[in-house]
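Here is structure.pdb, consisting of PDB, C-alpha atoms:
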ATOM      1  CA  GLN N 167     -13.653  17.750  -1.621
ATOM      2  CA  LYS N 168     -13.447  17.211   2.134
ATOM      3  CA  VAL N 169     -15.703  17.047   5.178
ATOM      4  CA  LEU N 170     -15.278  19.013   8.394
ATOM      5  CA  ASN N 171     -12.469  17.835  10.722
ATOM      6  CA  GLN N 172     -11.072  15.391   8.133
ATOM      7  CA  THR N 173      -7.398  14.459   8.480
ATOM      8  CA  PRO N 174      -5.130  16.943   6.672
ATOM      9  CA  ALA N 175      -3.837  16.158   3.191
ATOM     10  CA  LYS N 176      -0.139  15.209   3.105
ATOM     11  CA  ILE N 177       1.798  17.304   0.589
ATOM     12  CA  ILE N 178       5.275  15.932   1.430
ATOM     13  CA  SER N 179       5.635  12.837   3.619
ATOM     14  CA  LEU N 180       8.758  10.952   4.749
ATOM     15  CA  GLY N 181       8.439   7.842   6.904
ATOM     16  CA  TYR N 182      10.094   4.747   8.334
ATOM     17  CA  ASP N 183       8.540   1.385   9.302
ATOM     18  CA  TYR N 184      10.114  -1.216  11.551
ATOM     19  CA  THR N 185       8.603  -4.692  11.220
ATOM     20  CA  GLY N 186       9.598  -7.285  13.822
ATOM     21  CA  GLU N 187      10.903 -10.807  13.254
ATOM     22  CA  PHE N 188       8.797 -13.530  11.665
ATOM     23  CA  HIS N 189       9.061 -16.997  10.142
ATOM     24  CA  MET N 190       9.080 -17.625   6.384
ATOM     25  CA  PRO N 191       8.015 -21.241   5.831
ATOM     26  CA  GLY N 192       8.679 -22.606   2.342
ATOM     27  CA  ILE N 193       5.965 -24.423   0.401
ATOM     28  CA  ARG N 194       7.012 -26.578  -2.566
ATOM     29  CA  ILE N 195       4.996 -25.840  -5.685
ATOM     30  CA  SER N 196       7.439 -26.739  -8.455
ATOM     31  CA  GLU N 197      10.478 -29.000  -8.617
ATOM     32  CA  SER N 198      12.283 -26.502 -10.858
ATOM     33  CA  LEU N 199      13.052 -23.867  -8.199
ATOM     34  CA  SER N 200      15.258 -24.511  -5.167
ATOM     35  CA  VAL N 201      13.913 -21.902  -2.720
ATOM     36  CA  LEU N 202      11.947 -24.142  -0.459
ATOM     37  CA  GLU N 203      13.578 -24.586   2.937
ATOM     38  CA  ASP N 204      12.110 -22.637   5.840
ATOM     39  CA  LYS N 205      13.757 -19.288   6.637
ATOM     40  CA  HIS N 206      13.516 -16.718   9.414
ATOM     41  CA  VAL N 207      13.449 -12.951   8.909
ATOM     42  CA  ASN N 208      15.001 -10.873  11.706
ATOM     43  CA  GLN N 209      13.283  -7.633  10.676
ATOM     44  CA  VAL N 210      12.102  -5.580   7.726
ATOM     45  CA  ASP N 211      13.138  -1.927   7.396
ATOM     46  CA  VAL N 212      10.759   0.099   5.243
ATOM     47  CA  PHE N 213      11.414   3.612   3.950
ATOM     48  CA  ARG N 214       8.610   5.683   2.444
ATOM     49  CA  ALA N 215       8.356   8.982   0.613
ATOM     50  CA  GLN N 216       5.290  10.636  -0.869
ATOM     51  CA  LEU N 217       4.707  13.879  -2.739
ATOM     52  CA  ASN N 218       1.244  15.253  -3.599
ATOM     53  CA  ILE N 219       0.965  18.676  -5.217
ATOM     54  CA  PRO N 220      -2.317  20.342  -6.225
ATOM     55  CA  VAL N 221      -1.698  21.776  -9.698
ATOM     56  CA  ILE N 222      -5.275  22.944 -10.334
ATOM     57  CA  ALA N 223      -7.547  24.065  -7.500
ATOM     58  CA  THR N 224     -10.725  25.833  -8.625
ATOM     59  CA  ASN N 225     -14.438  25.532  -7.908
ATOM     60  CA  LYS N 226     -14.787  23.580 -11.170
ATOM     61  CA  LEU N 227     -11.832  21.177 -10.871
ATOM     62  CA  ILE N 228      -9.180  20.017  -8.428
ATOM     63  CA  ARG N 229      -6.237  18.078  -9.867
ATOM     64  CA  GLN N 230      -3.322  16.696  -7.953
ATOM     65  CA  LEU N 231      -0.046  15.199  -9.194
ATOM     66  CA  GLY N 232       2.045  12.949  -6.994
ATOM     67  CA  ALA N 233       5.022  10.624  -6.683
ATOM     68  CA  ASN N 234       5.718   7.826  -4.236
ATOM     69  CA  TYR N 235       8.527   5.544  -3.048
ATOM     70  CA  TRP N 236       8.230   2.350  -0.972
ATOM     71  CA  GLY N 237      11.379   0.346  -0.215
ATOM     72  CA  SER N 238      11.471  -2.789   1.961
ATOM     73  CA  LYS N 239      14.767  -4.336   3.134
ATOM     74  CA  PHE N 240      14.371  -7.899   4.458
ATOM     75  CA  GLN N 241      17.061  -9.131   6.862
ATOM     76  CA  VAL N 242      16.972 -12.904   6.367
ATOM     77  CA  MET N 243      18.711 -14.994   9.022
ATOM     78  CA  LYS N 244      21.253 -17.428   7.522
ATOM     79  CA  PRO N 245      20.196 -17.296   3.853
ATOM     80  CA  GLY N 246      22.927 -19.849   3.062
ATOM     81  CA  VAL N 247      23.040 -21.042  -0.538
ATOM     82  CA  ASN N 248      19.340 -20.396  -1.041
ATOM     83  CA  SER N 249      19.284 -18.175  -4.141
ATOM     84  CA  PHE N 250      15.873 -16.588  -3.466
ATOM     85  CA  ALA N 251      16.697 -15.846   0.182
ATOM     86  CA  ASN N 252      20.053 -14.360  -0.869
ATOM     87  CA  GLN N 253      18.449 -12.027  -3.397
ATOM     88  CA  LEU N 254      15.826 -10.988  -0.850
ATOM     89  CA  ASN N 255      18.563 -10.386   1.729
ATOM     90  CA  GLN N 256      20.924  -8.456  -0.554
ATOM     91  CA  SER N 257      18.446  -6.216  -2.389
ATOM     92  CA  SER N 258      15.356  -4.237  -1.435
ATOM     93  CA  LEU N 259      11.834  -4.723  -2.689
ATOM     94  CA  LEU N 260      11.319  -1.337  -4.343
ATOM     95  CA  SER N 261       8.209   0.376  -5.637
ATOM     96  CA  ALA N 262       8.307   3.880  -7.117
ATOM     97  CA  GLY N 263       5.785   5.661  -9.266
ATOM     98  CA  VAL N 264       3.693   8.644 -10.232
ATOM     99  CA  ASN N 265      -0.008   9.282  -9.796
ATOM    100  CA  THR N 266      -2.761  11.777 -10.420
ATOM    101  CA  THR N 267      -6.107  12.428  -8.741
ATOM    102  CA  ILE N 268      -8.954  14.491 -10.177
ATOM    103  CA  PHE N 269     -11.923  15.747  -8.158
ATOM    104  CA  LYS N 270     -14.689  17.099 -10.406
ATOM    105  CA  PRO N 271     -17.856  18.653  -8.929
ATOM    106  CA  LEU N 272     -20.836  18.140 -11.243
ATOM    107  CA  ASN N 273     -23.248  20.375  -9.328
ATOM    108  CA  GLU N 274     -23.909  21.401  -5.714
ATOM    109  CA  THR N 275     -24.245  17.749  -4.654
ATOM    110  CA  ASN N 276     -22.664  15.287  -7.092
ATOM    111  CA  PHE N 277     -18.999  14.746  -7.871
ATOM    112  CA  ILE N 278     -16.572  12.403  -9.648
ATOM    113  CA  ILE N 279     -13.171  11.235  -8.386
ATOM    114  CA  LEU N 280     -10.678   9.757 -10.858
ATOM    115  CA  GLN N 281      -7.331   8.335  -9.770
ATOM    116  CA  ALA N 282      -4.573   6.684 -11.807
ATOM    117  CA  SER N 283      -1.046   5.523 -10.966
ATOM    118  CA  ALA N 284       1.908   3.860 -12.667
ATOM    119  CA  ASP N 285       4.550   2.102 -10.554
ATOM    120  CA  VAL N 286       7.856   0.388 -11.270
ATOM    121  CA  ASN N 287       8.322  -2.494  -8.821
ATOM    122  CA  GLY N 288      11.092  -5.017  -8.394
ATOM    123  CA  LEU N 289      13.737  -6.861  -6.439
ATOM    124  CA  PHE N 290      16.469  -5.197  -8.463
ATOM    125  CA  THR N 291      20.096  -6.354  -8.549
ATOM    126  CA  GLN N 292      23.078  -4.725 -10.249
ATOM    127  CA  GLU N 293      22.442  -6.877 -13.298
ATOM    128  CA  SER N 294      18.717  -6.104 -13.413
ATOM    129  CA  LYS N 295      17.258  -4.213 -16.321
ATOM    130  CA  ILE N 296      14.094  -2.246 -15.636
ATOM    131  CA  SER N 297      11.531  -3.102 -18.287
ATOM    132  CA  SER N 298       7.794  -3.127 -18.824
ATOM    133  CA  ASN N 299       7.697  -6.372 -16.800
ATOM    134  CA  ALA N 300       8.226  -4.260 -13.680
ATOM    135  CA  LEU N 301       5.366  -1.844 -14.457
ATOM    136  CA  THR N 302       1.928  -1.998 -12.824
ATOM    137  CA  LEU N 303      -0.982   0.310 -13.652
ATOM    138  CA  SER N 304      -3.795   1.056 -11.215
ATOM    139  CA  ALA N 305      -6.911   3.223 -11.458
ATOM    140  CA  THR N 306     -10.093   4.091  -9.570
ATOM    141  CA  ALA N 307     -13.297   5.834 -10.629
ATOM    142  CA  ILE N 308     -15.912   6.992  -8.095
ATOM    143  CA  TYR N 309     -19.283   8.735  -8.468
ATOM    144  CA  GLY N 310     -20.485  10.389  -5.292
ATOM    145  CA  TRP N 311     -22.867  12.633  -3.390
ATOM    146  CA  LYS N 312     -21.947  15.341  -0.893
ATOM    147  CA  LYS N 313     -24.922  15.260   1.444
ATOM    148  CA  SER N 314     -23.624  18.008   3.711
ATOM    149  CA  GLU N 315     -20.393  19.551   4.995
ATOM    150  CA  LYS N 316     -20.113  16.496   7.261
ATOM    151  CA  ASN N 317     -21.056  13.678   4.901
ATOM    152  CA  MET N 318     -19.675  12.522   1.516
ATOM    153  CA  ILE N 319     -20.440   9.114   0.045
ATOM    154  CA  GLY N 320     -19.641   7.489  -3.287
ATOM    155  CA  THR N 321     -19.241   4.212  -5.109
ATOM    156  CA  GLY N 322     -17.180   3.020  -8.058
ATOM    157  CA  ILE N 323     -14.682   0.461  -9.278
ATOM    158  CA  ALA N 324     -10.929  -0.002  -8.917
ATOM    159  CA  ARG N 325      -8.180  -1.779 -10.815
ATOM    160  CA  THR N 326      -5.599  -2.482  -8.119
ATOM    161  CA  TYR N 327      -2.575  -4.541  -7.086
ATOM    162  CA  ARG N 328      -3.038  -3.935  -3.350
ATOM    163  CA  ALA N 329      -3.776  -7.631  -2.784
ATOM    164  CA  GLY N 330      -0.476  -8.531  -4.483
ATOM    165  CA  ARG N 331      -1.997  -9.350  -7.858
ATOM    166  CA  LEU N 332      -4.272  -7.586 -10.307
ATOM    167  CA  ILE N 333      -7.928  -7.504  -9.251
ATOM    168  CA  TYR N 334     -10.987  -5.457 -10.182
ATOM    169  CA  VAL N 335     -13.149  -4.634  -7.176
ATOM    170  CA  PRO N 336     -16.128  -2.417  -6.326
ATOM    171  CA  VAL N 337     -15.271   0.564  -4.128
ATOM    172  CA  LEU N 338     -17.149   2.252  -1.290
ATOM    173  CA  PHE N 339     -16.024   5.821  -0.512
ATOM    174  CA  TRP N 340     -17.489   7.396   2.633
ATOM    175  CA  ASN N 341     -16.154  10.290   4.692
ATOM    176  CA  LYS N 342     -18.435  11.281   7.550
ATOM    177  CA  THR N 343     -18.037  13.524  10.596
ATOM    178  CA  PHE N 344     -20.537  12.588  13.298
ATOM    179  CA  ASN N 345     -19.749  15.458  15.690
ATOM    180  CA  ASP N 346     -16.817  17.615  16.818
ATOM    181  CA  LYS N 347     -14.937  14.553  18.098
ATOM    182  CA  TRP N 348     -15.849  11.516  16.011
ATOM    183  CA  GLY N 349     -15.762  10.674  12.319
ATOM    184  CA  MET N 350     -14.801   8.001   9.800
ATOM    185  CA  GLU N 351     -12.863   7.886   6.525
ATOM    186  CA  LEU N 352     -13.478   4.856   4.302
ATOM    187  CA  LEU N 353     -12.180   3.718   0.936
ATOM    188  CA  ILE N 354     -13.222   0.074   1.105
ATOM    189  CA  PRO N 355     -11.566  -2.390   0.424
ATOM    190  CA  ALA N 356      -8.273  -0.415   0.364
ATOM    191  CA  LYS N 357      -8.552   1.198   3.802
ATOM    192  CA  GLY N 358     -10.913   2.392   6.489
ATOM    193  CA  TYR N 359     -10.530   4.353   9.737
ATOM    194  CA  VAL N 360     -12.557   5.650  12.646
ATOM    195  CA  ARG N 361     -11.274   9.083  13.653
ATOM    196  CA  TYR N 362     -11.231  10.783  17.061
ATOM    197  CA  ASN N 363     -10.359  14.487  17.067
ATOM    198  CA  ILE N 364      -8.786  15.534  20.368
ATOM    199  CA  ASN N 365      -8.725  18.952  18.692
ATOM    200  CA  THR N 366      -8.082  20.244  15.170
ATOM    201  CA  SER N 367      -4.322  19.656  15.463
ATOM    202  CA  ASN N 368      -4.298  16.389  17.412
ATOM    203  CA  MET N 369      -6.159  13.268  16.258
ATOM    204  CA  ILE N 370      -6.231   9.495  16.653
ATOM    205  CA  GLN N 371      -7.405   6.939  14.087
ATOM    206  CA  ALA N 372      -8.025   3.202  14.325
ATOM    207  CA  GLY N 373      -8.592   0.984  11.295
ATOM    208  CA  PHE N 374      -6.813  -0.925   8.551
ATOM    209  CA  GLU N 375      -5.097  -0.670   5.177
ATOM    210  CA  LEU N 376      -4.499  -3.274   2.471
ATOM    211  CA  GLU N 377      -1.090  -2.695   0.899
ATOM    212  CA  GLY N 378       0.861  -4.492  -1.790
ATOM    213  CA  ASN N 379       1.990  -4.810  -5.379
ATOM    214  CA  GLN N 380       3.577  -7.194  -7.872
ATOM    215  CA  PHE N 381       7.399  -7.065  -8.003
ATOM    216  CA  SER N 382       9.591  -8.387 -10.816
ATOM    217  CA  MET N 383      12.842 -10.225 -10.102
ATOM    218  CA  PRO N 384      15.409 -12.072 -12.232
ATOM    219  CA  ILE N 385      15.283 -15.853 -12.094
ATOM    220  CA  PRO N 386      18.094 -16.771  -9.670
ATOM    221  CA  SER N 387      19.957 -19.107 -12.001
ATOM    222  CA  THR N 388      21.719 -19.096 -15.354
ATOM    223  CA  GLN N 389      18.326 -19.134 -17.072
ATOM    224  CA  THR N 390      16.874 -16.017 -18.615
ATOM    225  CA  GLY N 391      13.452 -14.790 -17.669
ATOM    226  CA  GLN N 392      11.532 -13.238 -14.807
ATOM    227  CA  PHE N 393       9.771 -14.190 -11.614
ATOM    228  CA  TYR N 394       7.053 -12.033 -10.067
ATOM    229  CA  ILE N 395       6.685 -11.640  -6.319
ATOM    230  CA  GLN N 396       3.033 -11.021  -5.476
ATOM    231  CA  ARG N 397       3.048  -9.359  -2.068
ATOM    232  CA  GLY N 398      -0.107  -8.298  -0.246
ATOM    233  CA  GLU N 399      -0.321  -7.192   3.389
ATOM    234  CA  PHE N 400      -3.356  -6.473   5.585
ATOM    235  CA  LYS N 401      -2.490  -3.954   8.297
ATOM    236  CA  PRO N 402      -4.852  -3.238  11.211
ATOM    237  CA  ARG N 403      -3.358  -0.285  13.102
ATOM    238  CA  ILE N 404      -3.755   2.729  15.367
ATOM    239  CA  MET N 405      -2.425   6.120  14.175
ATOM    240  CA  TRP N 406      -1.690   9.351  16.012
ATOM    241  CA  ASP N 407      -1.288  12.609  14.070
ATOM    242  CA  LYS N 408      -0.084  15.743  15.850
ATOM    243  CA  LYS N 409       0.647  19.170  14.414
ATOM    244  CA  ILE N 410       4.100  20.365  15.515
ATOM    245  CA  THR N 411       4.010  23.850  14.009
ATOM    246  CA  GLY N 412       2.492  25.502  10.957
ATOM    247  CA  PHE N 413       2.185  22.893   8.200
ATOM    248  CA  LEU N 414       4.567  20.418   9.900
ATOM    249  CA  TRP N 415       2.967  17.306  11.410
ATOM    250  CA  PHE N 416       4.274  14.230  13.205
ATOM    251  CA  SER N 417       2.636  10.816  12.779
ATOM    252  CA  ALA N 418       3.126   7.546  14.672
ATOM    253  CA  GLN N 419       1.525   4.150  14.000
ATOM    254  CA  VAL N 420       1.498   0.747  15.646
ATOM    255  CA  GLY N 421      -0.197  -2.342  14.259
ATOM    256  CA  LEU N 422      -0.027  -5.867  12.899
ATOM    257  CA  ARG N 423       1.429  -6.814   9.513
ATOM    258  CA  TYR N 424      -0.801  -9.720   8.493
ATOM    259  CA  ASN N 425       0.380 -11.685   5.455
ATOM    260  CA  TYR N 426      -2.344 -11.702   2.806
ATOM    261  CA  ARG N 427      -0.215 -13.083  -0.035
ATOM    262  CA  PHE N 428       3.454 -13.843  -0.676
ATOM    263  CA  ASP N 429       3.701 -15.866  -3.889
ATOM    264  CA  VAL N 430       6.373 -16.138  -6.581
ATOM    265  CA  MET N 431       4.872 -16.628 -10.044
ATOM    266  CA  ASN N 432       6.471 -17.380 -13.390
ATOM    267  CA  LYS N 433       3.946 -15.279 -15.332
ATOM    268  CA  TYR N 434       3.036 -11.597 -15.252
ATOM    269  CA  ASP N 435      -0.320 -11.302 -13.421
ATOM    270  CA  GLY N 436      -0.154 -15.054 -12.788
ATOM    271  CA  LYS N 437      -3.078 -16.561 -10.890
ATOM    272  CA  GLU N 438      -3.151 -20.286 -11.621
ATOM    273  CA  ASP N 439      -1.463 -22.953  -9.500
ATOM    274  CA  ASN N 440       0.625 -24.130 -12.460
ATOM    275  CA  GLU N 441       2.070 -20.585 -12.745
ATOM    276  CA  ARG N 442       3.230 -20.516  -9.104
ATOM    277  CA  TYR N 443       6.799 -21.510  -8.215
ATOM    278  CA  PHE N 444       6.787 -20.671  -4.528
ATOM    279  CA  SER N 445       4.367 -19.635  -1.823
ATOM    280  CA  SER N 446       4.860 -18.812   1.845
ATOM    281  CA  LYS N 447       2.515 -18.220   4.746
ATOM    282  CA  LEU N 448       4.698 -15.572   6.375
ATOM    283  CA  GLY N 449       4.459 -15.026  10.093
ATOM    284  CA  ASN N 450       2.493 -11.976  11.245
ATOM    285  CA  PRO N 451       4.650  -9.559  13.278
ATOM    286  CA  LEU N 452       3.920  -6.209  14.868
ATOM    287  CA  PHE N 453       5.177  -3.026  13.214
ATOM    288  CA  VAL N 454       5.675   0.632  14.116
ATOM    289  CA  ASN N 455       5.880   3.654  11.825
ATOM    290  CA  PHE N 456       7.116   7.208  12.309
ATOM    291  CA  SER N 457       6.674   9.931   9.711
TER     292      SER N 457
END
Will you turn the file into structure tokens for me?
Amino acid sequence: QKVLNQTPAKIISLGYDYTGEFHMPGIRISESLSVLEDKHVNQVDVFRAQLNIPVIATNKLIRQLGANYWGSKFQVMKPGVNSFANQLNQSSLLSAGVNTTIFKPLNETNFIILQASADVNGLFTQESKISSNALTLSATAIYGWKKSEKNMIGTGIARTYRAGRLIYVPVLFWNKTFNDKWGMELLIPAKGYVRYNINTSNMIQAGFELEGNQFSMPIPSTQTGQFYIQRGEFKPRIMWDKKITGFLWFSAQVGLRYNYRFDVMNKYDGKEDNERYFSSKLGNPLFVNFS
């Protein structure tokens, strides 16, 4: 299921992101929500955890089960009486879920990859109740060809929330090793990297990843109901992976967190302008990651 010199699979991963300060300008969409004055965010602290365990690994089928956690703590400067800014400042945007990936060879050349995930996402407070409103379901199906030990290519379709809201998009999967030093690993539009192997235990990658999801949050008032934060981030970055010893690796990243979408909707999977309460063109800071 891999090509020569491909980056190693991560079985257990723990990481931390630091995102620098940026502006959060408010854009008035509806008169019914008072969250509209401009704010400034000092930093965002992000904690990540990922677990991927192969439960079946044979020549006929490879199946992997996994779990993931993504928590973002915004530090808003002077939130004041702004209810949305206060909730964002006091709680973390959390996403946690389970996933499975199946790699099925059909013959010596052709294969199928199936991936599915279920995530619970929200800006949860002490009064919050986790319900189906916080659940998002994603899936990808790919049909591919393994041309050689250095070249795998496939195409398919994905149901994803990476852009902050539900979309269905065609997928290009392409892992290729050009020589002992250079290669590429693509899963377009989700991510894509060019890889340089200093050696088998020391490698550098340059590319991008689109990251995001839809997060539920209580309406910050005496009303009952839900808002949905649609958060999508485009991240061009450079990554360095270095084996420390045995199966233990260290990874460092530096890049730009470019705001793709930060909207607050009053409807699950909302897309129309009349379903949007609030939108912001967040500033685009640099970030670093260690894992």
Quiz item: Of the candidates N:Val286, N:Ala372, N:Met431, N:Ile364, which one gets nearest to N:Val264 if we count all atoms listed in the file?
Solution: N:Val286
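Once the PyMOL selection byres ((chain N and resi 265) around 9) is applied to the depicted file, the selected set reads Asn218, Gln230, Leu231, Gly232, Ala233, Asn234, Gly263, Val264, Thr266, Thr267, Gln281, Ala282, Ser283, Ala284 and Asp285 of chain N.
Between atom CA of N:Thr173 and atom CA of N:Glu274 lies a distance of 22.9 Å.
Shortest atom-to-atom contact with N:Gly349 among N:Ser446, N:Thr185, N:Thr302, N:Asn363: N:Asn363, counting only C-alpha atoms.
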Exercise. Excluding stretch 337-344 of chain N and residues on its chain fewer than 5 positions from it, collect all residues at most 9 Å away from it, counting all atoms listed in the file, and give them as a VMD selection string.
Key: chain N and resid 168 to 172 306 to 308 310 315 to 324 349 to 356 361
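The two atoms in question, atom CA of N:Gly449 and atom CA of N:Val242, are spaced 13.2 Å apart.
Checking N:Asp439, N:Ser257, N:Phe240, N:Leu227 one by one against N:Leu272, counting all atoms listed in the file, you find the shortest gap at N:Leu227.
Remark: for N:Ser258, the closest of the candidate residues N:Val360, N:Ile296, N:Val212, N:Leu303 is N:Val212 (distances computed over only C-alpha atoms).
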Self-check item: Hits of the PyMOL selection byres ((chain N and resi 204-207) around 12) in this structure, as number ranges by chain
Solution: N: 185-194, 200-203, 208-211, 239-248, 250-252, 254-255, 444-451
